[in-house]
Every structure is written in structure tokens, then in C-alpha cells.
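Trainee: For reference, the file input_16.pdb (PDB, C-alpha atoms) is included below:
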MODEL        1
ATOM      1  CA  MET A 225     -81.839  20.047  19.626  1.00  0.00           C
ATOM      2  CA  PHE A 226     -80.006  23.357  19.167  1.00  0.00           C
ATOM      3  CA  ARG A 227     -83.238  25.283  19.683  1.00  0.00           C
ATOM      4  CA  SER A 228     -83.923  23.372  22.894  1.00  0.00           C
ATOM      5  CA  LEU A 229     -80.410  24.148  24.108  1.00  0.00           C
ATOM      6  CA  ILE A 230     -80.813  27.850  23.395  1.00  0.00           C
ATOM      7  CA  ARG A 231     -84.121  27.917  25.276  1.00  0.00           C
ATOM      8  CA  HIS A 232     -82.782  26.066  28.296  1.00  0.00           C
ATOM      9  CA  PRO A 233     -82.933  28.268  31.440  1.00  0.00           C
ATOM     10  CA  ARG A 234     -79.210  27.882  32.129  1.00  0.00           C
ATOM     11  CA  THR A 235     -78.343  28.853  28.565  1.00  0.00           C
ATOM     12  CA  GLN A 236     -80.688  31.832  28.742  1.00  0.00           C
ATOM     13  CA  SER A 237     -79.112  32.929  32.022  1.00  0.00           C
ATOM     14  CA  LEU A 238     -75.616  32.655  30.542  1.00  0.00           C
ATOM     15  CA  LEU A 239     -76.605  34.611  27.437  1.00  0.00           C
ATOM     16  CA  ALA A 240     -78.292  37.291  29.542  1.00  0.00           C
ATOM     17  CA  GLY A 241     -75.111  37.660  31.583  1.00  0.00           C
ATOM     18  CA  LEU A 242     -72.945  37.963  28.484  1.00  0.00           C
ATOM     19  CA  ILE A 243     -75.218  40.516  26.844  1.00  0.00           C
ATOM     20  CA  GLY A 244     -75.518  42.480  30.078  1.00  0.00           C
ATOM     21  CA  SER A 245     -71.732  42.591  30.395  1.00  0.00           C
ATOM     22  CA  TYR A 246     -71.426  43.682  26.767  1.00  0.00           C
ATOM     23  CA  LEU A 247     -73.943  46.508  27.249  1.00  0.00           C
ATOM     24  CA  ALA A 248     -72.180  47.652  30.409  1.00  0.00           C
ATOM     25  CA  PHE A 249     -68.925  47.766  28.428  1.00  0.00           C
ATOM     26  CA  CYS A 250     -70.622  49.835  25.721  1.00  0.00           C
ATOM     27  CA  TYR A 251     -72.025  52.235  28.306  1.00  0.00           C
ATOM     28  CA  ARG A 252     -68.607  52.777  29.868  1.00  0.00           C
ATOM     29  CA  THR A 253     -66.777  53.330  26.573  1.00  0.00           C
ATOM     30  CA  THR A 254     -69.357  55.681  25.055  1.00  0.00           C
ATOM     31  CA  ARG A 255     -69.297  59.465  25.463  1.00  0.00           C
ATOM     32  CA  TRP A 256     -72.879  60.301  26.383  1.00  0.00           C
ATOM     33  CA  THR A 257     -74.791  63.549  25.978  1.00  0.00           C
ATOM     34  CA  LEU A 258     -78.149  64.230  27.610  1.00  0.00           C
ATOM     35  CA  LEU A 259     -80.586  66.411  25.673  1.00  0.00           C
ATOM     36  CA  GLY A 260     -83.675  67.769  27.394  1.00  0.00           C
ATOM     37  CA  GLU A 261     -82.514  67.459  30.982  1.00  0.00           C
ATOM     38  CA  GLU A 262     -84.812  70.369  31.769  1.00  0.00           C
ATOM     39  CA  ASN A 263     -87.751  68.101  30.921  1.00  0.00           C
ATOM     40  CA  LEU A 264     -86.907  65.616  33.667  1.00  0.00           C
ATOM     41  CA  PRO A 265     -89.283  65.781  36.639  1.00  0.00           C
ATOM     42  CA  ASP A 266     -87.586  66.577  39.914  1.00  0.00           C
ATOM     43  CA  SER A 267     -85.735  63.301  40.344  1.00  0.00           C
ATOM     44  CA  ARG A 268     -84.074  64.596  43.492  1.00  0.00           C
ATOM     45  CA  GLN A 269     -87.471  64.544  45.192  1.00  0.00           C
ATOM     46  CA  GLY A 270     -88.391  61.171  43.740  1.00  0.00           C
ATOM     47  CA  ALA A 271     -91.293  62.584  41.750  1.00  0.00           C
ATOM     48  CA  PRO A 272     -93.211  59.731  40.099  1.00  0.00           C
ATOM     49  CA  TYR A 273     -93.580  59.634  36.346  1.00  0.00           C
ATOM     50  CA  ILE A 274     -93.754  57.215  33.436  1.00  0.00           C
ATOM     51  CA  VAL A 275     -90.735  56.949  31.179  1.00  0.00           C
ATOM     52  CA  ALA A 276     -91.789  55.760  27.739  1.00  0.00           C
ATOM     53  CA  PHE A 277     -89.653  54.757  24.777  1.00  0.00           C
ATOM     54  CA  TRP A 278     -89.987  52.572  21.716  1.00  0.00           C
ATOM     55  CA  HIS A 279     -88.950  48.942  22.164  1.00  0.00           C
ATOM     56  CA  GLU A 280     -86.200  49.304  19.549  1.00  0.00           C
ATOM     57  CA  ARG A 281     -84.158  51.600  21.860  1.00  0.00           C
ATOM     58  CA  LEU A 282     -84.347  49.344  24.925  1.00  0.00           C
ATOM     59  CA  PRO A 283     -80.659  48.224  24.894  1.00  0.00           C
ATOM     60  CA  MET A 284     -79.484  51.805  25.518  1.00  0.00           C
ATOM     61  CA  MET A 285     -82.104  53.138  27.909  1.00  0.00           C
ATOM     62  CA  PRO A 286     -80.599  51.842  31.197  1.00  0.00           C
ATOM     63  CA  MET A 287     -77.923  54.465  30.631  1.00  0.00           C
ATOM     64  CA  LEU A 288     -80.557  57.135  31.350  1.00  0.00           C
ATOM     65  CA  TRP A 289     -80.983  55.864  34.908  1.00  0.00           C
ATOM     66  CA  THR A 290     -77.223  55.663  35.327  1.00  0.00           C
ATOM     67  CA  MET A 291     -76.879  59.291  34.258  1.00  0.00           C
ATOM     68  CA  VAL A 292     -79.708  60.444  36.530  1.00  0.00           C
ATOM     69  CA  HIS A 293     -78.113  58.672  39.491  1.00  0.00           C
ATOM     70  CA  ALA A 294     -74.738  60.243  38.682  1.00  0.00           C
ATOM     71  CA  ARG A 295     -76.118  63.780  38.372  1.00  0.00           C
ATOM     72  CA  TYR A 296     -78.457  63.526  41.355  1.00  0.00           C
ATOM     73  CA  PRO A 297     -76.658  61.556  44.095  1.00  0.00           C
ATOM     74  CA  GLY A 298     -79.772  61.723  46.274  1.00  0.00           C
ATOM     75  CA  THR A 299     -81.467  59.254  43.928  1.00  0.00           C
ATOM     76  CA  ALA A 300     -78.944  56.460  44.538  1.00  0.00           C
ATOM     77  CA  LYS A 301     -81.582  54.319  46.296  1.00  0.00           C
ATOM     78  CA  TRP A 302     -84.312  55.311  43.860  1.00  0.00           C
ATOM     79  CA  GLN A 303     -85.065  52.317  41.618  1.00  0.00           C
ATOM     80  CA  PRO A 304     -87.129  52.591  38.456  1.00  0.00           C
ATOM     81  CA  HIS A 305     -89.486  49.715  37.704  1.00  0.00           C
ATOM     82  CA  VAL A 306     -89.695  48.309  34.186  1.00  0.00           C
ATOM     83  CA  LEU A 307     -92.662  46.498  32.684  1.00  0.00           C
ATOM     84  CA  VAL A 308     -91.587  43.407  30.727  1.00  0.00           C
ATOM     85  CA  SER A 309     -93.594  40.672  29.078  1.00  0.00           C
ATOM     86  CA  ARG A 310     -94.311  37.318  30.756  1.00  0.00           C
ATOM     87  CA  HIS A 311     -93.310  35.712  27.465  1.00  0.00           C
ATOM     88  CA  ARG A 312     -89.943  33.928  27.340  1.00  0.00           C
ATOM     89  CA  ASP A 313     -88.419  36.761  25.316  1.00  0.00           C
ATOM     90  CA  GLY A 314     -89.661  39.296  27.850  1.00  0.00           C
ATOM     91  CA  ARG A 315     -88.177  37.347  30.743  1.00  0.00           C
ATOM     92  CA  PHE A 316     -84.887  37.143  28.857  1.00  0.00           C
ATOM     93  CA  ILE A 317     -84.818  40.915  28.329  1.00  0.00           C
ATOM     94  CA  GLY A 318     -85.735  41.373  31.971  1.00  0.00           C
ATOM     95  CA  ASP A 319     -82.762  39.264  33.042  1.00  0.00           C
ATOM     96  CA  ILE A 320     -80.498  41.562  31.041  1.00  0.00           C
ATOM     97  CA  VAL A 321     -81.746  44.977  32.132  1.00  0.00           C
ATOM     98  CA  SER A 322     -82.226  43.949  35.782  1.00  0.00           C
ATOM     99  CA  ARG A 323     -78.432  44.018  36.028  1.00  0.00           C
ATOM    100  CA  PHE A 324     -78.629  47.805  35.826  1.00  0.00           C
ATOM    101  CA  ARG A 325     -80.503  48.441  39.092  1.00  0.00           C
ATOM    102  CA  LEU A 326     -83.913  48.177  37.449  1.00  0.00           C
ATOM    103  CA  VAL A 327     -86.785  46.301  39.074  1.00  0.00           C
ATOM    104  CA  MET A 328     -88.850  44.054  36.826  1.00  0.00           C
ATOM    105  CA  ILE A 329     -92.646  43.908  36.768  1.00  0.00           C
ATOM    106  CA  HIS A 330     -93.874  41.103  34.535  1.00  0.00           C
ATOM    107  CA  GLY A 331     -96.993  41.635  32.484  1.00  0.00           C
ATOM    108  CA  SER A 332     -98.340  43.240  29.323  1.00  0.00           C
ATOM    109  CA  THR A 333    -101.523  44.569  27.813  1.00  0.00           C
ATOM    110  CA  SER A 334    -102.389  41.045  26.665  1.00  0.00           C
ATOM    111  CA  ARG A 335    -101.017  38.836  29.469  1.00  0.00           C
ATOM    112  CA  GLY A 336    -101.174  39.698  33.129  1.00  0.00           C
ATOM    113  CA  GLY A 337    -102.364  43.167  32.248  1.00  0.00           C
ATOM    114  CA  ALA A 338    -104.594  43.788  35.270  1.00  0.00           C
ATOM    115  CA  SER A 339    -102.067  42.584  37.845  1.00  0.00           C
ATOM    116  CA  ALA A 340     -99.256  44.486  36.118  1.00  0.00           C
ATOM    117  CA  LEU A 341    -101.357  47.660  36.102  1.00  0.00           C
ATOM    118  CA  ARG A 342    -102.025  47.364  39.820  1.00  0.00           C
ATOM    119  CA  ALA A 343     -98.336  46.778  40.520  1.00  0.00           C
ATOM    120  CA  LEU A 344     -97.328  49.803  38.443  1.00  0.00           C
ATOM    121  CA  LEU A 345     -99.872  51.978  40.207  1.00  0.00           C
ATOM    122  CA  ARG A 346     -98.436  50.942  43.580  1.00  0.00           C
ATOM    123  CA  VAL A 347     -94.936  51.854  42.379  1.00  0.00           C
ATOM    124  CA  LEU A 348     -96.011  55.275  41.128  1.00  0.00           C
ATOM    125  CA  ARG A 349     -97.939  56.032  44.309  1.00  0.00           C
ATOM    126  CA  SER A 350     -94.834  55.170  46.323  1.00  0.00           C
ATOM    127  CA  GLY A 351     -92.957  57.927  44.463  1.00  0.00           C
ATOM    128  CA  SER A 352     -90.833  55.852  42.081  1.00  0.00           C
ATOM    129  CA  PRO A 353     -90.922  56.008  38.270  1.00  0.00           C
ATOM    130  CA  VAL A 354     -91.822  53.216  35.895  1.00  0.00           C
ATOM    131  CA  ALA A 355     -90.589  52.549  32.369  1.00  0.00           C
ATOM    132  CA  ILE A 356     -92.739  51.185  29.553  1.00  0.00           C
ATOM    133  CA  THR A 357     -92.275  50.379  25.872  1.00  0.00           C
ATOM    134  CA  PRO A 358     -95.759  51.098  24.476  1.00  0.00           C
ATOM    135  CA  ASP A 359     -95.168  49.004  21.340  1.00  0.00           C
ATOM    136  CA  GLY A 360     -93.682  46.014  23.181  1.00  0.00           C
ATOM    137  CA  PRO A 361     -93.291  43.172  23.471  1.00  0.00           C
ATOM    138  CA  ARG A 362     -94.161  42.189  19.882  1.00  0.00           C
ATOM    139  CA  GLY A 363     -95.342  45.268  18.078  1.00  0.00           C
ATOM    140  CA  PRO A 364     -96.527  46.509  15.712  1.00  0.00           C
ATOM    141  CA  ARG A 365     -93.436  48.672  15.591  1.00  0.00           C
ATOM    142  CA  ARG A 366     -93.914  52.245  16.782  1.00  0.00           C
ATOM    143  CA  GLN A 367     -97.620  51.808  17.427  1.00  0.00           C
ATOM    144  CA  ALA A 368     -98.457  52.680  21.012  1.00  0.00           C
ATOM    145  CA  ALA A 369    -100.892  50.511  22.919  1.00  0.00           C
ATOM    146  CA  GLU A 370    -103.384  52.279  25.142  1.00  0.00           C
ATOM    147  CA  GLY A 371    -101.948  50.860  28.380  1.00  0.00           C
ATOM    148  CA  VAL A 372     -99.450  53.676  28.929  1.00  0.00           C
ATOM    149  CA  ALA A 373    -102.160  56.338  28.602  1.00  0.00           C
ATOM    150  CA  GLN A 374    -104.459  54.387  30.938  1.00  0.00           C
ATOM    151  CA  LEU A 375    -101.740  54.152  33.576  1.00  0.00           C
ATOM    152  CA  ALA A 376    -100.891  57.850  33.302  1.00  0.00           C
ATOM    153  CA  ALA A 377    -104.532  58.876  33.626  1.00  0.00           C
ATOM    154  CA  LEU A 378    -105.201  56.589  36.602  1.00  0.00           C
ATOM    155  CA  ALA A 379    -102.021  57.558  38.465  1.00  0.00           C
ATOM    156  CA  ARG A 380    -102.237  61.226  37.421  1.00  0.00           C
ATOM    157  CA  VAL A 381     -98.568  61.321  36.508  1.00  0.00           C
ATOM    158  CA  PRO A 382     -96.905  62.650  33.333  1.00  0.00           C
ATOM    159  CA  VAL A 383     -95.448  60.545  30.546  1.00  0.00           C
ATOM    160  CA  LEU A 384     -91.830  61.407  29.721  1.00  0.00           C
ATOM    161  CA  PRO A 385     -91.023  60.545  26.072  1.00  0.00           C
ATOM    162  CA  THR A 386     -87.421  59.394  25.746  1.00  0.00           C
ATOM    163  CA  ALA A 387     -85.037  57.873  23.238  1.00  0.00           C
ATOM    164  CA  ALA A 388     -81.385  57.009  22.782  1.00  0.00           C
ATOM    165  CA  ALA A 389     -78.991  56.437  19.909  1.00  0.00           C
ATOM    166  CA  THR A 390     -75.320  55.816  19.362  1.00  0.00           C
ATOM    167  CA  ARG A 391     -73.226  56.858  16.412  1.00  0.00           C
ATOM    168  CA  CYS A 392     -71.918  53.306  15.928  1.00  0.00           C
ATOM    169  CA  HIS A 393     -74.546  50.595  16.158  1.00  0.00           C
ATOM    170  CA  ARG A 394     -76.139  47.625  14.460  1.00  0.00           C
ATOM    171  CA  LEU A 395     -79.805  47.340  13.557  1.00  0.00           C
ATOM    172  CA  LEU A 396     -80.962  43.823  14.363  1.00  0.00           C
ATOM    173  CA  PRO A 397     -83.282  41.908  11.986  1.00  0.00           C
ATOM    174  CA  SER A 398     -86.034  41.857  14.613  1.00  0.00           C
ATOM    175  CA  TRP A 399     -89.643  43.017  14.309  1.00  0.00           C
ATOM    176  CA  ASP A 400     -88.694  46.385  15.846  1.00  0.00           C
ATOM    177  CA  ARG A 401     -85.305  46.799  14.115  1.00  0.00           C
ATOM    178  CA  MET A 402     -83.668  47.034  17.516  1.00  0.00           C
ATOM    179  CA  MET A 403     -80.619  49.276  17.758  1.00  0.00           C
ATOM    180  CA  LEU A 404     -77.659  47.500  19.362  1.00  0.00           C
ATOM    181  CA  PRO A 405     -74.923  49.911  20.472  1.00  0.00           C
ATOM    182  CA  LEU A 406     -71.263  49.342  19.687  1.00  0.00           C
ATOM    183  CA  PRO A 407     -68.435  50.396  22.024  1.00  0.00           C
ATOM    184  CA  PHE A 408     -66.027  53.338  21.730  1.00  0.00           C
ATOM    185  CA  THR A 409     -68.464  55.787  20.188  1.00  0.00           C
ATOM    186  CA  ARG A 410     -70.703  58.732  21.018  1.00  0.00           C
ATOM    187  CA  GLY A 411     -74.225  58.431  22.255  1.00  0.00           C
ATOM    188  CA  VAL A 412     -77.175  60.616  23.118  1.00  0.00           C
ATOM    189  CA  LEU A 413     -80.111  60.332  25.482  1.00  0.00           C
ATOM    190  CA  VAL A 414     -83.166  62.448  24.700  1.00  0.00           C
ATOM    191  CA  CYS A 415     -85.922  63.519  27.086  1.00  0.00           C
ATOM    192  CA  GLY A 416     -88.837  65.277  25.446  1.00  0.00           C
ATOM    193  CA  PRO A 417     -91.394  67.527  27.146  1.00  0.00           C
ATOM    194  CA  ALA A 418     -93.579  65.610  29.593  1.00  0.00           C
ATOM    195  CA  ILE A 419     -97.092  64.777  28.445  1.00  0.00           C
ATOM    196  CA  ALA A 420    -100.017  65.253  30.824  1.00  0.00           C
ATOM    197  CA  VAL A 421    -102.791  62.715  30.295  1.00  0.00           C
ATOM    198  CA  ALA A 422    -106.212  63.652  31.665  1.00  0.00           C
ATOM    199  CA  GLU A 423    -108.094  60.939  29.802  1.00  0.00           C
ATOM    200  CA  ALA A 424    -106.886  57.697  28.227  1.00  0.00           C
ATOM    201  CA  ASP A 425    -108.435  58.295  24.820  1.00  0.00           C
ATOM    202  CA  SER A 426    -107.119  57.756  21.305  1.00  0.00           C
ATOM    203  CA  ALA A 427    -105.853  61.342  21.149  1.00  0.00           C
ATOM    204  CA  ALA A 428    -103.654  60.801  24.203  1.00  0.00           C
ATOM    205  CA  VAL A 429    -102.279  57.561  22.775  1.00  0.00           C
ATOM    206  CA  ALA A 430    -101.516  59.331  19.501  1.00  0.00           C
ATOM    207  CA  ARG A 431     -99.729  62.199  21.305  1.00  0.00           C
ATOM    208  CA  ILE A 432     -97.554  59.749  23.193  1.00  0.00           C
ATOM    209  CA  GLY A 433     -96.666  57.821  20.040  1.00  0.00           C
ATOM    210  CA  GLN A 434     -95.808  60.984  18.143  1.00  0.00           C
ATOM    211  CA  ALA A 435     -93.626  62.247  21.003  1.00  0.00           C
ATOM    212  CA  LEU A 436     -91.685  58.971  21.154  1.00  0.00           C
ATOM    213  CA  THR A 437     -91.015  59.064  17.430  1.00  0.00           C
ATOM    214  CA  GLU A 438     -89.935  62.696  17.643  1.00  0.00           C
ATOM    215  CA  ALA A 439     -87.514  61.781  20.443  1.00  0.00           C
ATOM    216  CA  CYS A 440     -86.049  59.026  18.254  1.00  0.00           C
ATOM    217  CA  ASP A 441     -85.753  61.406  15.313  1.00  0.00           C
ATOM    218  CA  ARG A 442     -83.931  63.940  17.475  1.00  0.00           C
ATOM    219  CA  ALA A 443     -81.541  61.282  18.785  1.00  0.00           C
ATOM    220  CA  ASP A 444     -80.829  59.986  15.284  1.00  0.00           C
ATOM    221  CA  ALA A 445     -80.298  63.494  13.934  1.00  0.00           C
ATOM    222  CA  TRP A 446     -77.832  64.233  16.736  1.00  0.00           C
ATOM    223  CA  THR A 447     -75.739  61.142  16.020  1.00  0.00           C
ATOM    224  CA  ALA A 448     -75.839  61.814  12.276  1.00  0.00           C
ATOM    225  CA  GLY A 449     -74.678  65.367  12.893  1.00  0.00           C
ATOM    226  CA  ARG A 450     -71.785  64.025  14.939  1.00  0.00           C
ATOM    227  CA  SER A 451     -70.659  61.565  12.257  1.00  0.00           C
ATOM    228  CA  GLY A 452     -68.022  63.914  10.950  1.00  0.00           C
ATOM    229  CA  ALA A 453     -66.860  65.123  14.338  1.00  0.00           C
TER     230      ALA A 453
ENDMDL
END
Starting from the file, lay out its structure as C-alpha cells.
Mentor:
Amino acid sequence: MFRSLIRHPRTQSLLAGLIGSYLAFCYRTTRWTLLGEENLPDSRQGAPYIVAFWHERLPMMPMLWTMVHARYPGTAKWQPHVLVSRHRDGRFIGDIVSRFRLVMIHGSTSRGGASALRALLRVLRSGSPVAITPDGPRGPRRQAAEGVAQLAALARVPVLPTAAATRCHRLLPSWDRMMLPLPFTRGVLVCGPAIAVAEADSAAVARIGQALTEACDRADAWTAGRSGA
């Protein structure tokens, strides 16, 4: 009975609202630093690109868009599109992050993959960026699926490897060990060098995966270095 209650659409909507409000509170009370701003494509011109990050850092990544909008006022109407799973968990996550001016596209490499790919291509060709977690929605953890490389090669846009971390956080007992930020702390957003993908082969997938892990390592090292500050 409890499980049915938790899965009820009204309960899910209420939980999504509470979590979204909590994340917004964390964003506002955290002192953020952006590393690698020089690696951002020209957001002021609305240059299309793919933002990629591991699923475990998803709760903090909407802050990247908030920071881009703040630093480049001309992008206020520029809305990134996020690929989320059609699965119940994916829809739940979508309900949370959509509260941060992100547009949801439902699909994955296993369900709705073709239609999601077409939708993402339309977004990129219109000049807006898309965001993808290459190991989502269910893992394996930090193993990139080939979909992100396929999209980059078809759209001829770069992949921007990103990550985020906060000094104070909790690691959830989920398959990806998701990092949940805590308020009143310091946080960092990392943008690595963009990756050009000419062909969606295993080498390209491996380069993307390595770059995402390196971005996470840099974010974690930054917060660890700040622990005594």
C-alpha cells in the first residue's frame, strides 16, 4: 500500500515539487565557482552543442544554466533541452529539473530512442543546446552509451564534458551513487574542453567517457582543496 501511495501521480508531483524547492534553496545558499568558462561555446550567439555529464551529478547541473543566463543576459530566452527516460523514474527526475527552465525530451537509447534522437537533432539545428547523461537512466555507472557520440556526429556539434560538486553533500545509495548537495556550502561547476566527434565509433565514446570522469575528478579535487578554507 505504501509503495502504491509513493508511486501515485499526485504523490510524485508533490515530491518533485519539494525536491525542486530544496535544490533551488541549495543553489541560492551555495557559493559557486565556474572552472573552464573559456571552454563554453559562444552562448551569447546561441551556438548549439551537447552538454554531457554523468548521471550522478544531475542534481547540481541546472545551476550551470542559471550561471550561463546570469553571465550572458542575451541567453535569457535560450532554453536547453534535457533527455530523460520514459521510465517512471525518468519522468520523476524530469518533473524536478523542468522547474529550472529546462525543456524535457523523453526517450533513451533503449526506449523511444529513434524519436528522441530526431527531437534532439531538431533542437540542435534550431541553435539550442541539449543535455545528456550518457550512463543514464540505469547505468552501468560511468559507462557511456554510444547515443551521445551518434548525436554529435549526426548534428556535427561538439560535446562539452561537464561536472559539478559541492563541499557538503550526501552520496545516495543509488546505482550511480548520486551526489545530493547540501545548503550553505561551496560548489564548483566544471566545463572541460569540447570534444569534436567526426564518427560515432568506440574511440569517440571512450573519449567522451574519459572526459566526463576527468571533469568529475577536477570538481571533487576542487571541493576537497576547499575543505580547510
Trainee: Kindly indicate which residue among A:Leu384, A:Leu345, A:Met287, A:Ala240 lies nearest to Thr254 (chain A), using only C-alpha atoms for the distances.
Mentor: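 Residue with the minimum atom-to-atom distance to Thr254 (chain A): A:Met287.
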Trainee: Rounded to one decimal place, report the CA of Arg366 (chain A)-CA of Phe277 (chain A) distance in Å.
Mentor: 9.4 Å
Trainee: What does the distance between CA of Thr390 (chain A) and CA of Val414 (chain A) come to in Å, to one decimal place?
Mentor: 11.6 Å
Trainee: Box for region 404-413 of chain A: with edges along x, y and z, all listed atoms inside and 6 Å added on each side, what are the centre and edge lengths in Å to one decimal, as AutoDock Vina command-line options?
Mentor:
--center_x -73.1 --center_y 54.1 --center_z 22.4 --size_x 26.1 --size_y 25.1 --size_z 18.1
Trainee: Under the rule of at most 8 Å, produce a per-residue listing of region 344-374 of chain A near region 429-438 of chain A: chain, number, name, the closest pair of atoms, and the distance in Å, as CSV, using all atoms listed in the file.
Mentor:
residue,atom,partner,partner_atom,distance
A:Arg366,CA,A:Gly433,CA,7.0
A:Gln367,CA,A:Gly433,CA,6.6
A:Ala368,CA,A:Gly433,CA,5.5
A:Ala369,CA,A:Val429,CA,7.2
A:Glu370,CA,A:Val429,CA,5.9
A:Val372,CA,A:Val429,CA,7.8
A:Ala373,CA,A:Val429,CA,6.0
Trainee: Residues picked by the PyMOL selection byres ((chain A and resi 376) around 12) here, as a PyMOL selection string?
Mentor: chain A and resi 272-276+341+344-345+348-349+353-356+370-375+377-384+418-425+428-429+432
